[in-house]
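One structure is given here, and the rest of the page talks about it.
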There are 2 protein chains.
Amino acid sequence: MNTNQADDALLALAQSFREALRQSVYVMRRLDSEEQLSSAQLGVLKMALDGGARVGGIARNLGVKVPSATEQIIKLERAGLVKREADPDDSRAVRVAATAAGRAAVENADRRRNEFIAGILGTLSQAERDAVEAALPVFDKINHSVQN
Amino acid sequence: MNTNQADDALLALAQSFREALRQSVYVMRRLDSEEQLSSAQLGVLKMALDGGARVGGIARNLGVKVPSATEQIIKLERAGLVKREADPDDSRAVRVAATAAGRAAVENADRRRNEFIAGILGTLSQAERDAVEAALPVFDKINHSVQN
DNA sequence: CCTTGATATTTAGGCAGCCTAACTGTTAGG
DNA sequence: CCTAACAGTTAGGCTGCCTAAATATCAAGG
């Protein structure tokens with residue numbers, strides 16, 4: 001019976017959590033709709049900032065399959081934001097590197113998105129912001145456990 | 001200068017928040033991939049539970065345009081989970097109502113999804129769960145401000 | 001060497017969900 | 001009445017994801 005109560009509380013929390021997830025998708029869509037660079041592209045581009053990202057690594061890191069990563073990389077390449085070059089050590093592999101324009105695009109997109117979110121966070125009370133801040137690492141943890 | 005510091009803190013929080021948003025999309029995808037009913041369809045179906053939902057209202061509630069709602073309604077209708085009937089008061093409008101099968105499908109899908117999430121939440125410490133619980137209403141508030 | 005299985009990426013084809021524009025039918029105000 | 005506003009559907013198009021199959025390279029054994 002104690003167990004059932006605990007389970008019920010957990011299920012209720014899960015329900016609220018799901019509602020927040022649904023809202024997050026909405027917020028992400030909104031964020032994307034105001035920008036030139038989609039979040040899928042921004043994710044790939046960020047990974048190419050250091051210069052030596054491989055397609056498989058990018059895909060794994062973003063939680064998508066390799067062809068989906070390739071697709072975004074091709075778009076970014078056409079936009080002149082990354083370049084693809086053969087890996088000197090393994091000719092099967094491809095190194096994806098951001099161009100100068102790519103680097104600038106990331107900074108710009110990141111700044112604009114952060115400002116949008118910061119604008120919303122700025123309307124909250126300090127206590128509310130603290131609550132968000134405290135929960136973020138937990139969300140991180142949850143995500144990792146979902147990834148398996 | 002004090003203002004700048006505050007802004008910097010806000011921007012840093014915004015950055016972390018965006019990371020959590022990105023992860024949420026991932027979790028949602030994962031949740032969807034394990035079920036028959038997509039979350040888009042589940043959202044529509046839930047709104048049809050009371051019996052008298054209109055297409056425009058459903059769309060507004062889900063944050064999508066009317067044709068997107070129609071699309072999901074048609075799929076649900078084909079699956080026998082909702083029925084569409086003329087609104088007696090306004091022949092332009094359509095009333096979308098869940099069938100018995102639809103009601104059962106919602107309960108099933110909701111339970112399974114909640115259990116999946118509860119399974120993850122169950123691995124957290126009480127303090128972590130508390131942090132999540134405290135942040136959820138704030139996320140709710142943030143969403144509403146995004147909707148404008 | 002040479003073959004063979006594993007690995008890295010791309011290509012092809014397909015699906016879901018969202019959007020805008022255009023069309024149909026209904027309502028309500030002047 | 002007639003016309004503007006409104007409710008919904010249809011048509012067409014886009015993005016982002018997926019699986020399966022093709023291509024190329026690598027690494028290990030015989």
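In the structure tokens, chains take letters A, B, ... by order of appearance, with residues numbered from 1 within each chain and ligands from 1 in the order shown.
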Report as a ChimeraX atom specification the set of chain B residues whose atoms approach chain C to within 8 Å, with distances computed over only C-alpha atoms (C1' of nucleotides).
-> /B:64-65,68,90-92
Could you list, as a PyMOL selection string, every residue of chain A that has an atom within 7 Å of an atom of chain B, counting only C-alpha atoms?
-> chain A and resi 10-11+13-15+17+20-21+23-25+27-28+114-115+117-118+120+128+131-136+138-140+142-143+146
Write the selection just made, keeping N, CA and C atoms, as an mmCIF file, in the first residue's frame?
data_model
loop_
_atom_site.group_PDB
_atom_site.id
_atom_site.type_symbol
_atom_site.label_atom_id
_atom_site.label_comp_id
_atom_site.auth_asym_id
_atom_site.auth_seq_id
_atom_site.Cartn_x
_atom_site.Cartn_y
_atom_site.Cartn_z
ATOM 1 N N LEU A 10 4.495 9.002 -8.222
ATOM 2 C CA LEU A 10 5.458 8.982 -9.326
ATOM 3 C C LEU A 10 4.738 9.120 -10.661
ATOM 4 N N LEU A 11 3.616 8.429 -10.773
ATOM 5 C CA LEU A 11 2.856 8.501 -12.023
ATOM 6 C C LEU A 11 2.282 9.900 -12.227
ATOM 7 N N LEU A 13 3.593 12.652 -11.100
ATOM 8 C CA LEU A 13 4.720 13.497 -11.486
ATOM 9 C C LEU A 13 5.072 13.265 -12.950
ATOM 10 N N ALA A 14 5.010 12.000 -13.350
ATOM 11 C CA ALA A 14 5.308 11.652 -14.744
ATOM 12 C C ALA A 14 4.348 12.357 -15.691
ATOM 13 N N GLN A 15 3.081 12.389 -15.279
ATOM 14 C CA GLN A 15 2.065 13.052 -16.107
ATOM 15 C C GLN A 15 2.396 14.529 -16.293
ATOM 16 N N PHE A 17 5.267 15.888 -15.931
ATOM 17 C CA PHE A 17 6.522 15.968 -16.670
ATOM 18 C C PHE A 17 6.259 15.860 -18.167
ATOM 19 N N ALA A 20 5.118 19.024 -19.582
ATOM 20 C CA ALA A 20 6.236 19.948 -19.792
ATOM 21 C C ALA A 20 7.008 19.582 -21.065
ATOM 22 N N LEU A 21 7.138 18.300 -21.303
ATOM 23 C CA LEU A 21 7.838 17.855 -22.517
ATOM 24 C C LEU A 21 7.110 18.360 -23.756
ATOM 25 N N GLN A 23 5.188 20.868 -24.017
ATOM 26 C CA GLN A 23 5.379 22.316 -24.130
ATOM 27 C C GLN A 23 6.762 22.643 -24.671
ATOM 28 N N SER A 24 7.734 21.859 -24.260
ATOM 29 C CA SER A 24 9.100 22.107 -24.724
ATOM 30 C C SER A 24 9.182 22.003 -26.238
ATOM 31 N N VAL A 25 8.488 21.022 -26.776
ATOM 32 C CA VAL A 25 8.492 20.859 -28.224
ATOM 33 C C VAL A 25 7.919 22.107 -28.880
ATOM 34 N N VAL A 27 7.908 25.150 -27.623
ATOM 35 C CA VAL A 27 8.863 26.252 -27.490
ATOM 36 C C VAL A 27 9.986 26.122 -28.516
ATOM 37 N N MET A 28 10.461 24.896 -28.704
ATOM 38 C CA MET A 28 11.519 24.669 -29.687
ATOM 39 C C MET A 28 11.062 25.065 -31.089
ATOM 40 N N ASN A 114 19.483 32.643 -27.293
ATOM 41 C CA ASN A 114 19.630 32.865 -25.854
ATOM 42 C C ASN A 114 18.899 34.126 -25.417
ATOM 43 N N GLU A 115 18.955 35.132 -26.256
ATOM 44 C CA GLU A 115 18.267 36.380 -25.889
ATOM 45 C C GLU A 115 16.761 36.173 -25.842
ATOM 46 N N ILE A 117 15.171 33.407 -25.092
ATOM 47 C CA ILE A 117 14.859 32.674 -23.855
ATOM 48 C C ILE A 117 15.110 33.551 -22.629
ATOM 49 N N ALA A 118 16.207 34.277 -22.652
ATOM 50 C CA ALA A 118 16.521 35.134 -21.509
ATOM 51 C C ALA A 118 15.417 36.168 -21.310
ATOM 52 N N ILE A 120 12.327 35.741 -21.752
ATOM 53 C CA ILE A 120 11.238 35.092 -21.012
ATOM 54 C C ILE A 120 11.651 34.880 -19.553
ATOM 55 N N GLU A 128 11.553 31.571 -9.025
ATOM 56 C CA GLU A 128 11.211 30.732 -10.174
ATOM 57 C C GLU A 128 12.456 30.384 -10.983
ATOM 58 N N ALA A 131 14.301 27.750 -9.271
ATOM 59 C CA ALA A 131 13.685 26.442 -9.432
ATOM 60 C C ALA A 131 14.095 25.828 -10.766
ATOM 61 N N VAL A 132 14.090 26.657 -11.797
ATOM 62 C CA VAL A 132 14.505 26.178 -13.120
ATOM 63 C C VAL A 132 15.958 25.721 -13.069
ATOM 64 N N GLU A 133 16.774 26.563 -12.513
ATOM 65 C CA GLU A 133 18.207 26.265 -12.470
ATOM 66 C C GLU A 133 18.477 24.949 -11.728
ATOM 67 N N ALA A 134 17.735 24.751 -10.647
ATOM 68 C CA ALA A 134 17.948 23.535 -9.859
ATOM 69 C C ALA A 134 17.509 22.294 -10.620
ATOM 70 N N ALA A 135 16.514 22.460 -11.481
ATOM 71 C CA ALA A 135 15.969 21.291 -12.169
ATOM 72 C C ALA A 135 16.779 20.904 -13.409
ATOM 73 N N LEU A 136 17.495 21.858 -13.979
ATOM 74 C CA LEU A 136 18.168 21.585 -15.244
ATOM 75 C C LEU A 136 19.136 20.395 -15.193
ATOM 76 N N VAL A 138 18.961 17.863 -13.396
ATOM 77 C CA VAL A 138 18.168 16.643 -13.293
ATOM 78 C C VAL A 138 17.628 16.256 -14.679
ATOM 79 N N PHE A 139 17.202 17.245 -15.434
ATOM 80 C CA PHE A 139 16.746 16.960 -16.792
ATOM 81 C C PHE A 139 17.860 16.339 -17.598
ATOM 82 N N ASP A 140 19.045 16.862 -17.382
ATOM 83 C CA ASP A 140 20.213 16.313 -18.054
ATOM 84 C C ASP A 140 20.350 14.830 -17.757
ATOM 85 N N ILE A 142 18.044 12.794 -16.669
ATOM 86 C CA ILE A 142 16.927 12.048 -17.247
ATOM 87 C C ILE A 142 17.206 11.742 -18.701
ATOM 88 N N ASN A 143 17.680 12.743 -19.417
ATOM 89 C CA ASN A 143 17.962 12.519 -20.828
ATOM 90 C C ASN A 143 18.955 11.398 -21.030
ATOM 91 N N VAL A 146 17.413 8.141 -20.718
ATOM 92 C CA VAL A 146 16.552 7.795 -21.851
ATOM 93 C C VAL A 146 17.391 7.262 -23.008
#
Output chain A, superimposed onto chain B using in-order Cα pairs, as an mmCIF file with C-alpha atoms, in the first residue's frame:
data_model
loop_
_atom_site.group_PDB
_atom_site.id
_atom_site.type_symbol
_atom_site.label_atom_id
_atom_site.label_comp_id
_atom_site.auth_asym_id
_atom_site.auth_seq_id
_atom_site.Cartn_x
_atom_site.Cartn_y
_atom_site.Cartn_z
ATOM 1 C CA MET A 1 27.765 46.804 -14.630
ATOM 2 C CA ASN A 2 25.424 45.210 -12.178
ATOM 3 C CA THR A 3 22.967 45.021 -15.025
ATOM 4 C CA ASN A 4 25.499 43.304 -17.241
ATOM 5 C CA GLN A 5 26.220 40.722 -14.617
ATOM 6 C CA ALA A 6 22.539 40.028 -14.246
ATOM 7 C CA ASP A 7 22.201 39.751 -18.015
ATOM 8 C CA ASP A 8 25.134 37.403 -18.218
ATOM 9 C CA ALA A 9 23.652 35.154 -15.582
ATOM 10 C CA LEU A 10 20.360 35.194 -17.426
ATOM 11 C CA LEU A 11 22.024 34.354 -20.712
ATOM 12 C CA ALA A 12 23.921 31.501 -19.091
ATOM 13 C CA LEU A 13 20.701 30.152 -17.660
ATOM 14 C CA ALA A 14 19.075 30.543 -21.061
ATOM 15 C CA GLN A 15 21.854 28.491 -22.611
ATOM 16 C CA SER A 16 21.311 25.651 -20.145
ATOM 17 C CA PHE A 17 17.610 25.911 -20.606
ATOM 18 C CA ARG A 18 17.996 25.543 -24.353
ATOM 19 C CA GLU A 19 20.058 22.437 -23.823
ATOM 20 C CA ALA A 20 17.206 20.994 -21.759
ATOM 21 C CA LEU A 21 14.753 21.896 -24.505
ATOM 22 C CA ARG A 22 16.841 20.042 -27.039
ATOM 23 C CA GLN A 23 16.894 17.009 -24.789
ATOM 24 C CA SER A 24 13.156 17.211 -24.305
ATOM 25 C CA VAL A 25 12.636 16.877 -28.019
ATOM 26 C CA TYR A 26 14.792 13.802 -27.943
ATOM 27 C CA VAL A 27 12.819 12.293 -25.069
ATOM 28 C CA MET A 28 9.547 13.019 -26.843
ATOM 29 C CA ARG A 29 10.773 11.292 -29.985
ATOM 30 C CA ARG A 30 11.781 8.307 -27.956
ATOM 31 C CA LEU A 31 8.427 8.214 -26.242
ATOM 32 C CA ASP A 32 6.640 8.387 -29.582
ATOM 33 C CA SER A 33 8.760 5.697 -31.150
ATOM 34 C CA GLU A 34 7.587 3.143 -28.612
ATOM 35 C CA GLU A 35 3.897 3.685 -29.163
ATOM 36 C CA GLN A 36 1.219 3.163 -31.764
ATOM 37 C CA LEU A 37 -0.407 6.523 -31.161
ATOM 38 C CA SER A 38 1.818 9.522 -31.949
ATOM 39 C CA SER A 39 1.826 12.374 -29.483
ATOM 40 C CA ALA A 40 0.248 14.597 -32.104
ATOM 41 C CA GLN A 41 -2.625 12.142 -32.381
ATOM 42 C CA LEU A 42 -2.803 11.588 -28.651
ATOM 43 C CA GLY A 43 -3.113 15.336 -28.127
ATOM 44 C CA VAL A 44 -6.010 15.611 -30.523
ATOM 45 C CA LEU A 45 -7.670 12.520 -29.159
ATOM 46 C CA LYS A 46 -7.524 13.783 -25.597
ATOM 47 C CA MET A 47 -9.241 16.942 -26.667
ATOM 48 C CA ALA A 48 -12.019 14.898 -28.210
ATOM 49 C CA LEU A 49 -12.663 12.984 -24.994
ATOM 50 C CA ASP A 50 -15.329 15.326 -23.698
ATOM 51 C CA GLY A 51 -17.228 14.889 -26.914
ATOM 52 C CA GLY A 52 -17.734 18.339 -28.329
ATOM 53 C CA ALA A 53 -14.382 19.625 -29.498
ATOM 54 C CA ARG A 54 -14.254 21.745 -32.611
ATOM 55 C CA VAL A 55 -11.418 21.600 -35.093
ATOM 56 C CA GLY A 56 -10.386 25.202 -34.594
ATOM 57 C CA GLY A 57 -10.378 24.816 -30.843
ATOM 58 C CA ILE A 58 -8.267 21.708 -31.032
ATOM 59 C CA ALA A 59 -5.765 23.429 -33.288
ATOM 60 C CA ARG A 60 -5.553 26.489 -31.069
ATOM 61 C CA ASN A 61 -5.121 24.369 -28.001
ATOM 62 C CA LEU A 62 -2.304 22.354 -29.515
ATOM 63 C CA GLY A 63 -0.535 25.355 -30.989
ATOM 64 C CA VAL A 64 -0.882 24.223 -34.584
ATOM 65 C CA LYS A 65 -2.786 25.529 -37.583
ATOM 66 C CA VAL A 66 -6.228 24.245 -38.429
ATOM 67 C CA PRO A 67 -5.200 22.084 -41.405
ATOM 68 C CA SER A 68 -2.679 20.271 -39.230
ATOM 69 C CA ALA A 69 -5.433 19.437 -36.765
ATOM 70 C CA THR A 70 -7.710 18.278 -39.578
ATOM 71 C CA GLU A 71 -4.965 15.972 -40.774
ATOM 72 C CA GLN A 72 -4.661 14.250 -37.398
ATOM 73 C CA ILE A 73 -8.415 14.073 -36.983
ATOM 74 C CA ILE A 74 -8.748 12.311 -40.327
ATOM 75 C CA LYS A 75 -6.168 9.751 -39.288
ATOM 76 C CA LEU A 76 -7.912 9.164 -35.982
ATOM 77 C CA GLU A 77 -11.242 8.836 -37.754
ATOM 78 C CA ARG A 78 -9.840 6.268 -40.143
ATOM 79 C CA ALA A 79 -8.526 4.365 -37.124
ATOM 80 C CA GLY A 80 -12.005 4.453 -35.598
ATOM 81 C CA LEU A 81 -10.884 6.476 -32.584
ATOM 82 C CA VAL A 82 -12.971 9.596 -33.181
ATOM 83 C CA LYS A 83 -16.043 10.455 -35.165
ATOM 84 C CA ARG A 84 -16.898 13.747 -36.823
ATOM 85 C CA GLU A 85 -20.425 15.057 -36.747
ATOM 86 C CA ALA A 86 -22.047 18.295 -37.791
ATOM 87 C CA ASP A 87 -22.480 20.876 -35.062
ATOM 88 C CA PRO A 88 -26.249 21.229 -34.549
ATOM 89 C CA ASP A 89 -25.895 24.940 -33.814
ATOM 90 C CA ASP A 90 -23.515 25.894 -36.610
ATOM 91 C CA SER A 91 -23.351 23.811 -39.760
ATOM 92 C CA ARG A 92 -19.990 25.250 -40.688
ATOM 93 C CA ALA A 93 -18.468 23.643 -37.647
ATOM 94 C CA VAL A 94 -17.603 20.041 -36.935
ATOM 95 C CA ARG A 95 -17.795 18.314 -33.588
ATOM 96 C CA VAL A 96 -15.040 15.808 -32.966
ATOM 97 C CA ALA A 97 -15.853 13.126 -30.428
ATOM 98 C CA ALA A 98 -13.816 10.174 -29.212
ATOM 99 C CA THR A 99 -15.372 6.764 -29.726
ATOM 100 C CA ALA A 100 -15.266 4.080 -27.055
ATOM 101 C CA ALA A 101 -12.199 2.679 -28.782
ATOM 102 C CA GLY A 102 -10.695 6.159 -28.746
ATOM 103 C CA ARG A 103 -11.270 6.517 -25.047
ATOM 104 C CA ALA A 104 -9.633 3.167 -24.426
ATOM 105 C CA ALA A 105 -6.711 4.095 -26.646
ATOM 106 C CA VAL A 106 -6.090 7.290 -24.682
ATOM 107 C CA GLU A 107 -6.099 5.491 -21.380
ATOM 108 C CA ASN A 108 -3.750 2.891 -22.681
ATOM 109 C CA ALA A 109 -1.343 5.293 -24.328
ATOM 110 C CA ASP A 110 -1.363 7.617 -21.344
ATOM 111 C CA ARG A 111 -0.699 4.831 -18.932
ATOM 112 C CA ARG A 112 2.149 3.394 -20.955
ATOM 113 C CA ARG A 113 3.785 6.774 -21.449
ATOM 114 C CA ASN A 114 3.420 7.675 -17.811
ATOM 115 C CA GLU A 115 4.920 4.369 -16.799
ATOM 116 C CA PHE A 116 7.872 4.928 -19.073
ATOM 117 C CA ILE A 117 8.547 8.339 -17.551
ATOM 118 C CA ALA A 118 7.796 7.171 -14.031
ATOM 119 C CA GLY A 119 10.349 4.421 -14.532
ATOM 120 C CA ILE A 120 12.980 7.051 -15.156
ATOM 121 C CA LEU A 121 11.814 9.340 -12.363
ATOM 122 C CA GLY A 122 11.954 6.374 -10.042
ATOM 123 C CA THR A 123 15.706 6.171 -10.450
ATOM 124 C CA LEU A 124 16.142 9.709 -9.135
ATOM 125 C CA SER A 125 16.667 10.762 -5.557
ATOM 126 C CA GLN A 126 13.806 12.379 -3.700
ATOM 127 C CA ALA A 127 15.619 15.708 -3.830
ATOM 128 C CA GLU A 128 15.922 15.441 -7.579
ATOM 129 C CA ARG A 129 12.263 14.623 -7.971
ATOM 130 C CA ASP A 130 11.426 17.590 -5.773
ATOM 131 C CA ALA A 131 13.522 19.819 -7.973
ATOM 132 C CA VAL A 132 11.643 18.610 -11.031
ATOM 133 C CA GLU A 133 8.306 19.049 -9.356
ATOM 134 C CA ALA A 134 9.155 22.582 -8.291
ATOM 135 C CA ALA A 135 10.233 23.547 -11.784
ATOM 136 C CA LEU A 136 7.250 22.174 -13.682
ATOM 137 C CA PRO A 137 4.847 25.050 -12.908
ATOM 138 C CA VAL A 138 7.527 27.470 -14.018
ATOM 139 C CA PHE A 139 7.878 25.656 -17.328
ATOM 140 C CA ASP A 140 4.161 25.967 -17.674
ATOM 141 C CA LYS A 141 4.447 29.677 -17.192
ATOM 142 C CA ILE A 142 7.278 29.955 -19.679
ATOM 143 C CA ASN A 143 5.269 28.136 -22.282
ATOM 144 C CA HIS A 144 2.354 30.473 -21.891
ATOM 145 C CA SER A 145 4.578 33.466 -22.372
ATOM 146 C CA VAL A 146 6.033 31.922 -25.510
ATOM 147 C CA GLN A 147 2.552 31.447 -26.904
ATOM 148 C CA ASN A 148 2.075 35.204 -26.450
#
Between D:DA11, D:DC6, D:DA27, D:DC18, which one has atoms that come closest to chain A, using only C-alpha atoms (C1' of nucleotides)?
-> D:DC18
Name the residues of segment 70-123 of chain B that fall into alpha helix (DSSP H) according to DSSP on the backbone, using the chain letters and numbers of this document, as an MDAnalysis selection string.
-> chainID B and resid 70:78 100:121
